[in-house]
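Asks: I am sharing coords.tsv, which consists of TSV, C-alpha atoms and all ligand atoms:
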```tsv
chain	number	residue	atom	x	y	z
A	1	MET	CA	75.50	47.02	156.19
A	2	SER	CA	76.83	47.22	152.64
A	3	ARG	CA	78.67	50.31	151.46
A	4	PRO	CA	76.63	52.52	149.15
A	5	TYR	CA	77.64	53.65	145.69
A	6	THR	CA	79.94	56.65	145.42
A	7	LEU	CA	79.53	59.08	142.53
A	8	TYR	CA	82.73	60.99	141.83
A	9	GLY	CA	81.98	64.19	139.93
A	10	TRP	CA	81.12	67.86	140.21
A	11	HIS	CA	77.72	69.52	140.08
A	12	LEU	CA	78.98	71.65	137.20
A	13	SER	CA	79.96	68.59	135.13
A	14	TYR	CA	77.76	67.71	132.15
A	15	PHE	CA	77.90	63.92	132.42
A	16	THR	CA	77.88	63.95	136.22
A	17	GLY	CA	74.59	65.86	135.92
A	18	LYS	CA	73.21	63.01	133.82
A	19	VAL	CA	74.17	60.27	136.28
A	20	ARG	CA	73.23	62.23	139.41
A	21	SER	CA	69.71	62.99	138.09
A	22	TYR	CA	69.33	59.32	137.26
A	23	LEU	CA	70.45	58.13	140.72
A	24	LEU	CA	68.16	60.61	142.47
A	25	HIS	CA	65.17	59.56	140.39
A	26	LYS	CA	65.83	55.88	141.00
A	27	GLY	CA	66.14	56.46	144.74
A	28	ILE	CA	69.46	54.60	144.77
A	29	ALA	CA	71.48	55.58	147.86
A	30	PHE	CA	74.83	57.11	146.91
A	31	ILE	CA	77.59	59.29	148.29
A	32	ASP	CA	77.83	62.46	146.20
A	33	GLN	CA	81.60	62.87	146.23
A	34	GLN	CA	83.06	66.08	144.82
A	35	VAL	CA	86.20	64.83	143.16
A	36	ASN	CA	89.54	66.35	144.24
A	37	LEU	CA	92.75	66.76	142.30
A	38	PHE	CA	94.37	63.63	143.69
A	39	THR	CA	91.36	61.37	143.04
A	40	LEU	CA	90.91	62.79	139.55
A	41	MET	CA	94.53	62.69	138.41
A	42	TRP	CA	95.65	59.58	140.25
A	43	THR	CA	92.92	57.22	141.47
A	44	ILE	CA	90.47	57.67	138.61
A	45	LYS	CA	93.24	57.61	136.03
A	46	ARG	CA	94.62	54.38	137.49
A	47	GLN	CA	91.21	52.76	137.74
A	48	THR	CA	89.73	53.82	134.39
A	49	GLY	CA	92.67	54.88	132.22
A	50	ALA	CA	91.32	58.42	131.84
A	51	VAL	CA	91.21	61.69	133.76
A	52	VAL	CA	87.45	62.01	133.66
A	53	MET	CA	84.25	62.45	135.60
A	54	PRO	CA	81.81	61.01	136.47
A	55	VAL	CA	83.03	57.73	137.79
A	56	LEU	CA	80.91	55.43	139.93
A	57	ARG	CA	82.41	53.21	142.61
A	58	THR	CA	80.11	50.29	143.30
A	59	PRO	CA	79.53	48.71	146.73
A	60	GLN	CA	81.64	45.80	145.47
A	61	GLY	CA	84.55	48.16	144.84
A	62	ALA	CA	84.39	48.29	141.00
A	63	TRP	CA	85.10	51.64	139.29
A	64	VAL	CA	82.76	52.29	136.38
A	65	GLN	CA	83.32	55.05	133.84
A	66	ASP	CA	81.07	56.44	131.09
A	67	SER	CA	77.61	57.67	131.98
A	68	SER	CA	75.89	55.24	129.58
A	69	VAL	CA	77.74	52.22	130.97
A	70	ILE	CA	77.04	53.38	134.52
A	71	ILE	CA	73.31	53.68	133.82
A	72	ASP	CA	73.20	50.30	132.05
A	73	GLN	CA	74.84	48.59	135.01
A	74	LEU	CA	72.61	50.32	137.54
A	75	GLU	CA	69.46	49.49	135.55
A	76	ALA	CA	70.47	45.83	135.55
A	77	ALA	CA	71.11	45.86	139.31
A	78	HIS	CA	68.05	48.00	140.19
A	79	PRO	CA	65.24	47.07	137.82
A	80	GLN	CA	62.53	48.87	139.80
A	81	ARG	CA	61.24	52.14	138.19
A	82	PRO	CA	62.87	51.35	134.82
A	83	VAL	CA	64.02	54.34	132.80
A	84	VAL	CA	64.00	52.70	129.37
A	85	PRO	CA	60.62	52.35	127.62
A	86	VAL	CA	59.52	48.91	126.46
A	87	SER	CA	57.48	49.85	123.35
A	88	PRO	CA	59.71	49.87	120.26
A	89	VAL	CA	59.42	53.47	119.05
A	90	PRO	CA	59.76	55.19	122.44
A	91	ARG	CA	62.54	52.75	123.33
A	92	PHE	CA	64.52	53.58	120.21
A	93	ALA	CA	63.67	57.28	120.60
A	94	ALA	CA	65.03	57.27	124.17
A	95	TYR	CA	68.43	55.96	123.03
A	96	LEU	CA	68.52	58.29	120.05
A	97	LEU	CA	67.82	61.23	122.34
A	98	GLU	CA	70.53	60.00	124.69
A	99	ALA	CA	73.10	60.02	121.88
A	100	TRP	CA	71.98	63.48	120.72
A	101	CYS	CA	71.92	65.01	124.21
A	102	ASP	CA	75.33	63.54	125.06
A	103	GLU	CA	77.09	64.50	121.86
A	104	TRP	CA	75.30	67.23	119.90
A	105	TRP	CA	74.83	69.61	122.82
A	106	ILE	CA	78.49	69.71	123.95
A	107	PRO	CA	79.43	72.79	121.84
A	108	ILE	CA	76.32	74.66	123.00
A	109	ALA	CA	77.02	73.89	126.67
A	110	MET	CA	80.69	74.87	126.29
A	111	HIS	CA	79.86	78.06	124.39
A	112	THR	CA	77.32	79.27	126.94
A	113	ARG	CA	79.78	78.54	129.77
A	114	TRP	CA	83.11	79.74	128.47
A	115	ASN	CA	82.19	82.73	126.31
A	116	TYR	CA	80.40	84.67	129.07
A	117	PRO	CA	82.97	85.77	131.69
A	118	GLU	CA	80.35	86.24	134.41
A	119	ASN	CA	80.09	82.43	134.66
A	120	TYR	CA	83.69	82.11	135.77
A	121	ALA	CA	83.19	83.21	139.41
A	122	LEU	CA	80.93	80.21	140.11
A	123	PHE	CA	83.26	77.84	138.28
A	124	GLU	CA	86.27	79.18	140.18
A	125	ARG	CA	84.58	78.96	143.57
A	126	GLU	CA	83.19	75.45	143.10
A	127	ALA	CA	86.03	73.83	141.20
A	128	GLY	CA	88.63	75.44	143.50
A	129	GLY	CA	86.96	74.11	146.64
A	130	HIS	CA	86.60	70.66	145.11
A	131	LEU	CA	90.10	70.35	143.64
A	132	LEU	CA	92.08	71.46	146.67
A	133	PRO	CA	89.72	71.42	149.67
A	134	GLY	CA	91.01	73.31	152.69
A	135	LEU	CA	94.01	74.79	150.89
A	136	PRO	CA	94.60	78.55	150.48
A	137	LYS	CA	92.31	80.33	148.04
A	138	ALA	CA	95.26	81.58	145.98
A	139	LEU	CA	96.37	78.01	145.38
A	140	GLN	CA	92.83	76.93	144.54
A	141	ARG	CA	92.56	79.77	142.02
A	142	ARG	CA	95.78	78.67	140.33
A	143	ALA	CA	94.60	75.07	140.08
A	144	VAL	CA	91.25	76.18	138.64
A	145	ALA	CA	92.96	78.45	136.11
A	146	TYR	CA	94.95	75.44	134.93
A	147	VAL	CA	91.81	73.29	134.55
A	148	ALA	CA	89.92	76.15	132.87
A	149	ASP	CA	92.75	76.63	130.38
A	150	SER	CA	92.69	72.97	129.48
A	151	LEU	CA	88.90	73.05	129.00
A	152	ARG	CA	89.12	76.22	126.89
A	153	GLY	CA	91.73	74.42	124.83
A	154	LYS	CA	89.05	71.95	123.72
A	155	LEU	CA	86.61	74.61	122.48
A	156	HIS	CA	87.85	74.80	118.91
A	157	ALA	CA	87.72	71.04	118.44
A	158	VAL	CA	84.08	70.78	119.47
A	159	GLY	CA	83.15	73.65	117.16
A	160	VAL	CA	83.09	76.61	119.54
A	161	ARG	CA	84.67	79.01	117.04
A	162	PRO	CA	83.91	82.74	116.84
A	163	GLU	CA	82.68	82.59	113.26
A	164	GLN	CA	80.06	80.01	114.35
A	165	PHE	CA	78.73	81.80	117.46
A	166	ALA	CA	75.84	83.53	115.67
A	167	ALA	CA	74.58	80.28	114.13
A	168	MET	CA	74.90	78.48	117.49
A	169	ASP	CA	72.95	81.23	119.24
A	170	ARG	CA	70.14	81.12	116.68
A	171	TRP	CA	70.00	77.33	116.87
A	172	THR	CA	69.95	77.35	120.66
A	173	ASN	CA	67.13	79.87	120.90
A	174	THR	CA	65.00	77.95	118.41
A	175	MET	CA	65.62	74.60	120.11
A	176	LEU	CA	64.99	75.95	123.61
A	177	ASP	CA	61.67	77.40	122.36
A	178	GLN	CA	60.74	73.99	121.00
A	179	LEU	CA	61.64	72.28	124.26
A	180	ASP	CA	59.75	74.90	126.26
A	181	ALA	CA	56.66	74.34	124.09
A	182	HIS	CA	57.00	70.59	124.62
A	183	PHE	CA	57.34	70.89	128.40
A	184	ALA	CA	54.26	73.13	128.46
A	185	GLN	CA	52.32	70.00	127.49
A	186	HIS	CA	54.29	67.11	129.00
A	187	PRO	CA	56.21	66.81	132.26
A	188	TYR	CA	59.01	64.77	130.63
A	189	LEU	CA	60.42	64.19	127.15
A	190	LEU	CA	58.54	60.96	126.54
A	191	GLY	CA	55.38	61.78	128.46
A	192	GLN	CA	54.50	61.23	132.10
A	193	GLN	CA	57.65	59.47	133.29
A	194	PRO	CA	61.31	60.45	133.16
A	195	THR	CA	63.43	58.23	130.94
A	196	LEU	CA	67.04	57.84	129.90
A	197	ALA	CA	66.36	60.75	127.52
A	198	ASP	CA	65.53	63.17	130.35
A	199	PHE	CA	68.66	62.25	132.33
A	200	SER	CA	70.73	62.73	129.20
A	201	LEU	CA	69.25	66.18	128.56
A	202	ALA	CA	70.07	66.94	132.21
A	203	GLY	CA	73.75	66.96	131.12
A	204	PRO	CA	73.57	70.20	129.16
A	205	MET	CA	70.53	71.64	130.96
A	206	VAL	CA	71.01	70.89	134.66
A	207	ALA	CA	74.80	71.08	134.84
A	208	HIS	CA	75.34	73.93	132.33
A	209	LEU	CA	72.53	76.06	130.86
A	210	GLY	CA	70.22	75.96	133.86
A	211	ARG	CA	73.02	76.61	136.35
A	212	ASP	CA	75.68	78.88	134.85
A	213	PRO	CA	74.56	82.44	135.62
A	214	TRP	CA	74.49	83.84	132.06
A	215	PRO	CA	72.49	81.13	130.29
A	216	ALA	CA	70.29	80.51	133.36
A	217	ARG	CA	69.21	84.17	133.24
A	218	GLU	CA	69.24	84.86	129.51
A	219	LEU	CA	68.19	81.53	127.99
A	220	VAL	CA	66.37	79.47	130.61
A	221	ALA	CA	64.53	81.96	132.86
A	222	PRO	CA	62.46	83.32	129.92
A	223	ARG	CA	61.25	79.75	129.25
A	224	PRO	CA	59.37	78.78	132.42
A	225	HIS	CA	58.29	75.28	131.33
A	226	LEU	CA	61.87	74.36	130.54
A	227	ARG	CA	62.96	75.87	133.88
A	228	ARG	CA	60.45	73.73	135.75
A	229	TRP	CA	61.51	70.59	133.87
A	230	ILE	CA	65.17	71.30	134.79
A	231	ASP	CA	64.20	71.65	138.45
A	232	ARG	CA	62.10	68.46	138.32
A	233	VAL	CA	64.88	66.41	136.79
A	234	ALA	CA	67.62	67.89	139.01
A	235	SER	CA	65.73	67.34	142.27
A	236	PRO	CA	62.98	64.77	141.85
A	237	LYS	CA	60.38	64.72	144.60
A	238	PRO	CA	59.97	61.34	146.32
A	239	GLY	CA	57.39	59.33	144.40
A	240	ALA	CA	57.49	61.63	141.34
A	241	GLY	CA	57.32	59.61	138.17
A	242	ASP	CA	56.86	56.50	140.27
A	243	SER	CA	55.37	54.03	137.86
A	244	PRO	CA	56.29	50.53	136.75
A	245	HIS	CA	56.70	51.80	133.17
A	246	ALA	CA	58.99	54.39	131.65
A	247	GLY	CA	57.47	56.83	129.09
A	248	GLU	CA	55.58	54.87	126.45
A	249	VAL	CA	54.82	57.60	123.91
A	250	VAL	CA	56.69	59.86	121.53
A	251	PRO	CA	54.70	63.08	121.90
A	252	ALA	CA	53.92	65.04	118.72
A	253	SER	CA	55.41	68.16	120.36
A	254	LEU	CA	58.85	66.50	120.12
A	255	LYS	CA	58.64	66.23	116.34
A	256	PRO	CA	60.81	69.36	115.74
A	257	VAL	CA	63.48	67.85	117.98
A	258	PHE	CA	63.53	64.56	116.08
A	259	GLN	CA	63.49	66.46	112.79
A	260	ALA	CA	66.60	68.34	113.92
A	261	ILE	CA	68.20	65.02	114.90
A	262	VAL	CA	67.56	63.63	111.41
A	263	ASP	CA	68.57	66.82	109.56
A	264	GLU	CA	71.67	67.67	111.62
A	265	PHE	CA	72.82	64.89	113.95
A	266	LEU	CA	72.50	62.14	111.35
A	267	PRO	CA	74.86	63.98	108.94
A	268	LEU	CA	77.28	64.35	111.87
A	269	LEU	CA	77.19	60.58	112.43
A	270	GLU	CA	77.63	59.92	108.73
A	271	GLY	CA	80.59	62.30	108.50
A	272	ILE	CA	82.30	60.66	111.48
A	273	ASN	CA	81.58	57.17	110.16
A	274	LYS	CA	83.26	58.02	106.87
A	275	GLN	CA	86.37	59.29	108.63
A	276	VAL	CA	86.53	56.33	111.00
A	277	TRP	CA	86.33	53.82	108.13
A	278	ALA	CA	89.09	55.75	106.36
A	279	ALA	CA	91.28	55.73	109.49
A	280	LEU	CA	90.97	52.00	110.22
A	281	PRO	CA	93.41	50.51	107.68
A	282	ALA	CA	96.34	52.47	109.16
A	283	LEU	CA	95.37	51.76	112.78
A	284	PRO	CA	97.72	49.27	114.49
A	285	PRO	CA	95.81	46.30	116.01
A	286	GLY	CA	94.63	46.96	119.56
A	287	LYS	CA	95.25	50.70	119.29
A	288	ALA	CA	92.46	53.19	119.93
A	289	LEU	CA	91.49	55.86	117.41
A	290	ARG	CA	92.50	59.44	118.18
A	291	ARG	CA	89.85	61.25	120.23
A	292	GLY	CA	89.33	63.77	117.43
A	293	LEU	CA	89.82	63.31	113.68
A	294	ALA	CA	89.48	65.97	110.97
A	295	ASP	CA	86.62	68.47	110.78
A	296	VAL	CA	83.18	67.36	109.73
A	297	GLU	CA	80.67	69.85	108.31
A	298	LEU	CA	76.95	69.59	108.86
A	299	PRO	CA	73.80	71.69	108.96
A	300	MET	CA	72.92	73.60	112.13
A	301	GLY	CA	69.53	75.24	111.70
A	302	ASP	CA	69.83	77.63	108.75
A	303	ALA	CA	73.66	77.53	108.77
A	304	ARG	CA	76.60	75.15	108.34
A	305	PHE	CA	78.65	74.06	111.34
A	306	LYS	CA	82.09	72.51	111.63
A	307	ARG	CA	83.51	70.45	114.45
A	308	SER	CA	86.08	67.67	114.80
A	309	ALA	CA	84.80	64.18	114.12
A	310	LEU	CA	84.86	62.36	117.47
A	311	PRO	CA	84.88	58.57	116.97
A	312	TYR	CA	83.33	58.20	120.42
A	313	THR	CA	80.10	59.72	119.03
A	314	LEU	CA	79.85	56.73	116.73
A	315	TRP	CA	79.96	54.40	119.72
A	316	MET	CA	76.83	56.18	120.97
A	317	ALA	CA	75.22	55.61	117.55
A	318	GLN	CA	76.21	51.95	117.69
A	319	ARG	CA	74.55	51.73	121.11
A	320	THR	CA	71.34	53.14	119.60
A	321	LEU	CA	71.45	50.80	116.61
A	322	ASP	CA	72.09	47.79	118.86
A	323	VAL	CA	68.73	48.50	120.47
A	324	TYR	CA	67.08	48.36	117.04
A	325	GLN	CA	68.97	45.18	116.06
A	326	ALA	CA	67.76	43.44	119.22
A	327	MET	CA	64.09	44.06	118.31
A	328	SER	CA	61.70	41.61	116.63
A	329	PRO	CA	61.04	42.23	112.91
A	330	ALA	CA	57.58	43.60	113.75
A	331	ASP	CA	59.04	46.09	116.24
A	332	GLN	CA	61.78	47.03	113.78
A	333	ASN	CA	59.08	47.83	111.23
A	334	GLN	CA	57.51	50.28	113.64
A	335	VAL	CA	60.82	52.03	114.24
A	336	HIS	CA	61.52	52.07	110.51
A	337	ALA	CA	58.10	53.59	109.75
A	338	TRP	CA	58.59	56.25	112.44
A	339	LEU	CA	62.06	57.24	111.17
A	340	SER	CA	60.78	57.22	107.57
A	341	SER	CA	58.11	59.74	108.55
A	342	LEU	CA	61.01	62.05	109.48
A	343	GLY	CA	63.09	61.16	106.41
A	344	GLY	CA	65.71	59.47	108.62
A	345	GLU	CA	65.37	55.76	107.89
A	346	ARG	CA	68.90	55.63	106.46
A	347	LEU	CA	70.17	55.77	110.04
A	348	LEU	CA	69.03	52.15	110.40
A	349	ALA	CA	71.09	51.06	107.41
A	350	MET	CA	74.31	52.72	108.58
A	351	THR	CA	77.26	50.34	108.68
A	352	ILE	CA	79.46	51.25	111.59
A	353	PRO	CA	82.66	49.31	112.33
A	354	ARG	CA	82.09	47.44	115.59
A	355	LEU	CA	83.61	49.65	118.31
A	356	ARG	CA	84.43	49.24	121.96
A	357	LEU	CA	85.29	51.78	124.62
A	358	GLN	CA	88.73	52.37	126.07
A	359	GLY	CA	88.43	55.26	128.52
A	360	LEU	CA	87.41	58.28	126.47
A	361	ARG	CA	88.46	56.65	123.20
A	362	VAL	CA	87.12	53.86	121.02
A	363	LEU	CA	88.77	51.10	119.06
A	364	PRO	CA	87.54	48.48	116.63
A	365	GLU	CA	86.54	45.25	118.31
A	366	ARG	CA	88.45	43.23	115.75
A	367	PRO	CA	91.67	44.43	114.22
A	368	SER	CA	90.94	45.81	110.75
B	1	LIG	N1	81.11	59.98	127.33
B	1	LIG	C1	81.56	60.13	128.68
B	1	LIG	C2	82.11	61.52	128.81
B	1	LIG	C3	82.61	61.96	130.15
B	1	LIG	C4	83.19	63.35	130.00
B	1	LIG	O1	83.50	63.84	128.91
B	1	LIG	N2	83.32	64.03	131.13
B	1	LIG	C5	83.91	65.35	131.13
B	1	LIG	C6	83.36	66.17	132.26
B	1	LIG	S1	81.61	66.42	132.11
B	1	LIG	C7	85.39	65.16	131.33
B	1	LIG	O2	85.82	64.67	132.35
B	1	LIG	N3	86.17	65.50	130.31
B	1	LIG	C8	87.59	65.34	130.35
B	1	LIG	C9	88.13	65.28	128.95
B	1	LIG	O3	87.34	65.45	128.01
B	1	LIG	O4	89.33	65.10	128.81
B	1	LIG	C10	80.39	59.85	129.63
B	1	LIG	O5	79.28	59.67	129.12
B	1	LIG	O6	80.59	59.74	130.83
```
Now that the file is in, can you turn its structure into structure tokens?
Replies:
Amino acid sequence: MSRPYTLYGWHLSYFTGKVRSYLLHKGIAFIDQQVNLFTLMWTIKRQTGAVVMPVLRTPQGAWVQDSSVIIDQLEAAHPQRPVVPVSPVPRFAAYLLEAWCDEWWIPIAMHTRWNYPENYALFEREAGGHLLPGLPKALQRRAVAYVADSLRGKLHAVGVRPEQFAAMDRWTNTMLDQLDAHFAQHPYLLGQQPTLADFSLAGPMVAHLGRDPWPARELVAPRPHLRRWIDRVASPKPGAGDSPHAGEVVPASLKPVFQAIVDEFLPLLEGINKQVWAALPALPPGKALRRGLADVELPMGDARFKRSALPYTLWMAQRTLDVYQAMSPADQNQVHAWLSSLGGERLLAMTIPRLRLQGLRVLPERPS
């Protein structure tokens, strides 16, 4: 009997939530391994070059890092119940939503976790037990405090800054209302079947907002359709969404979401792209870009928002644009017409330096 996959990650981890929801939906057997301090700091670092979760160990013994790469590899190996739509507009929309859910939502998920002290008891209990299983509670608490400090240290970079809290709260409430209204009409983002987009939204929603006590009570419970979607995606029932096709529509009720992506996320991508191009000439060949560059400013609802430009985010945009580039001219026309209807067709003309992943960083494929 072959060994199953092992998913190394915690239930409270954003990107582990994405991959776990995907694996459960696909019905792929896996060991759900809560990662401990040794595995995280030693084994994973040695195997992937980064201290990060989730990481998937395949039955063949390969260690795969990055939720998007993990899902790509699993889709190739397990083509039944595909999670990527075939029709051009939903296909492109699924990847665009993946990029947005993975990157845009990070400050919101960090803000709703780290700025409400009542969330800490759950974090301390779970992370402590995972990091140092079986060791004294006092030691576990010290280890968790260390991890929590390092996570809090990243808040400013991703834009979680006191002067921006009010704008983030307004944005979150508006967006959650829009998602709740959508899920009142459709079981999943792109219709009847869960897609890559749903698993990506599981990152912020299943692992953070729908689980941390403060946002679960204050933000999610008042929105019952969103709550039910979170529960569906976190624990799919056998046979749910069991169809040979992934979602093949872009429902009209998602229009406000795509409008926000065009109005807010596209300027974020453009700001990062500008900084990355500017950083390339001084980058020694073969060296990765810093994880965070200077601040980029963009709209967030009715306000302006600042966060560090993360070159990795551009790799997610490249992934989305690769999907468009691989389409036939007729299919590209459909995607172009759809984005034009939102005023976002300039996304398709963006020139991004070709990037590849190196752990949590990116570097140009060819030396500049
Ligand atoms: N883009 C990566 C991100 C993985 C990631 O950021 N994981 C978080 C936990 S949810 C982490 O380990 N962060 C460590 C760090 O940022 O240094 C993915 O899609 O898997």
Asks: Residues near Pro285 (chain A), anyone? I mean within 10 Å using only C-alpha atoms, not counting same-chain ones fewer than 2 positions away, as a ChimeraX atom specification.
Replies: /A:280-283,287-288,363-368
Asks: Which residue is closest to ligand LIG 1 (chain B)? Choose from A:Asp102, A:Glu248, A:Glu75, A:Asp32 and count all atoms listed in the file.
Replies: A:Asp102
Asks: Give the residue list for ligand LIG 1 (chain B) at 7 Å, counting all atoms listed in the file, as a list in words, sorted by chain and then by residue number.
Replies: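 Listing the residues within 7 Å of ligand LIG 1 (chain B) gives Ser13, Tyr14, Phe15, Thr16, Val51, Val52, Met53, Pro54, Gln65, Asp66, Ser67, Ser68, Asp102 and Leu360 of chain A.
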Asks: What would the list of residues within 12 Å of (64.2, 78.8, 108.6) (file frame) look like as a list in words, if all atoms listed in the file are what count?
Replies: Ala167, Arg170, Trp171, Thr174, Ala260, Pro299, Met300, Gly301, Asp302 and Ala303 of chain A
Asks: Go through A:Leu355, A:Val257, A:Leu12, A:Leu176 and flag the residue nearest Arg319 (chain A), using all atoms listed in the file for the distances.
Replies: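 Closest candidate: A:Leu355.
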Asks: State, in Å with one decimal place, the distance from CA of Asn119 (chain A) to CA of His208 (chain A).
Replies: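 Atom-to-atom, CA of Asn119 (chain A) to CA of His208 (chain A), that is 10.0 Å.
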Asks: Measuring between all atoms listed in the file, which one of A:Leu139, A:Ala184, A:Ala99, A:Leu23 shows the shortest distance to Pro82 (chain A)?
Replies: A:Leu23
Asks: For Arg20 (chain A), find every residue with an atom within 12 Å (counting all atoms listed in the file), except residues of its own chain fewer than 6 positions away, and show them as a PyMOL selection string.
Replies: chain A and resi 5-14+26-34+53-56+67+70-71+198-200+202-203+206-207+233-236
Asks: What separation in Å, quoted to one decimal, exists between CA of Pro85 (chain A) and CA of Leu226 (chain A)?
Replies: 22.2 Å
Asks: Given the choices A:His78, A:Arg291, A:His336, A:His186, which gets closest to Gln358 (chain A) if the distance is worked out from only C-alpha atoms?
Replies: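 Closest to Gln358 (chain A) of all the choices is A:Arg291.
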Asks: Report, in Å with one decimal, the straight-line distance from CA of Tyr95 (chain A) to CA of Ala317 (chain A).
Replies: 8.7 Å
Asks: For Leu314 (chain A), which of A:Leu96, A:Arg152, A:Pro329, A:Leu190 is the closest residue, counting all atoms listed in the file?
Replies: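 Using all atoms listed in the file, Leu314 (chain A) sits closest to A:Leu96.
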Asks: List the residues sitting within 12 Å of (85.3, 75.7, 128.1) in the file's frame, using all atoms listed in the file, as JSON, numbers by chain.
Replies: {"A": [12, 13, 14, 106, 107, 108, 109, 110, 111, 112, 113, 114, 115, 116, 117, 119, 120, 123, 145, 146, 147, 148, 149, 150, 151, 152, 153, 154, 155, 156, 157, 158, 159, 160, 161, 208]}
Asks: Using all atoms listed in the file, find the one residue out of A:Gly359, A:Pro4, A:Gly286, A:Pro213 that sits nearest to Gln60 (chain A).
Replies: A:Pro4
Asks: Can you pull out the residues contacting Val296 (chain A)? Cut-off 8 Å, using all atoms listed in the file, and skip same-chain residues under 3 positions away; I want them as a list in words.
Replies: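 The neighbour list is Leu268, Gly271, Ile272, Lys306, Arg307, Ser308 and Ala309 of chain A.
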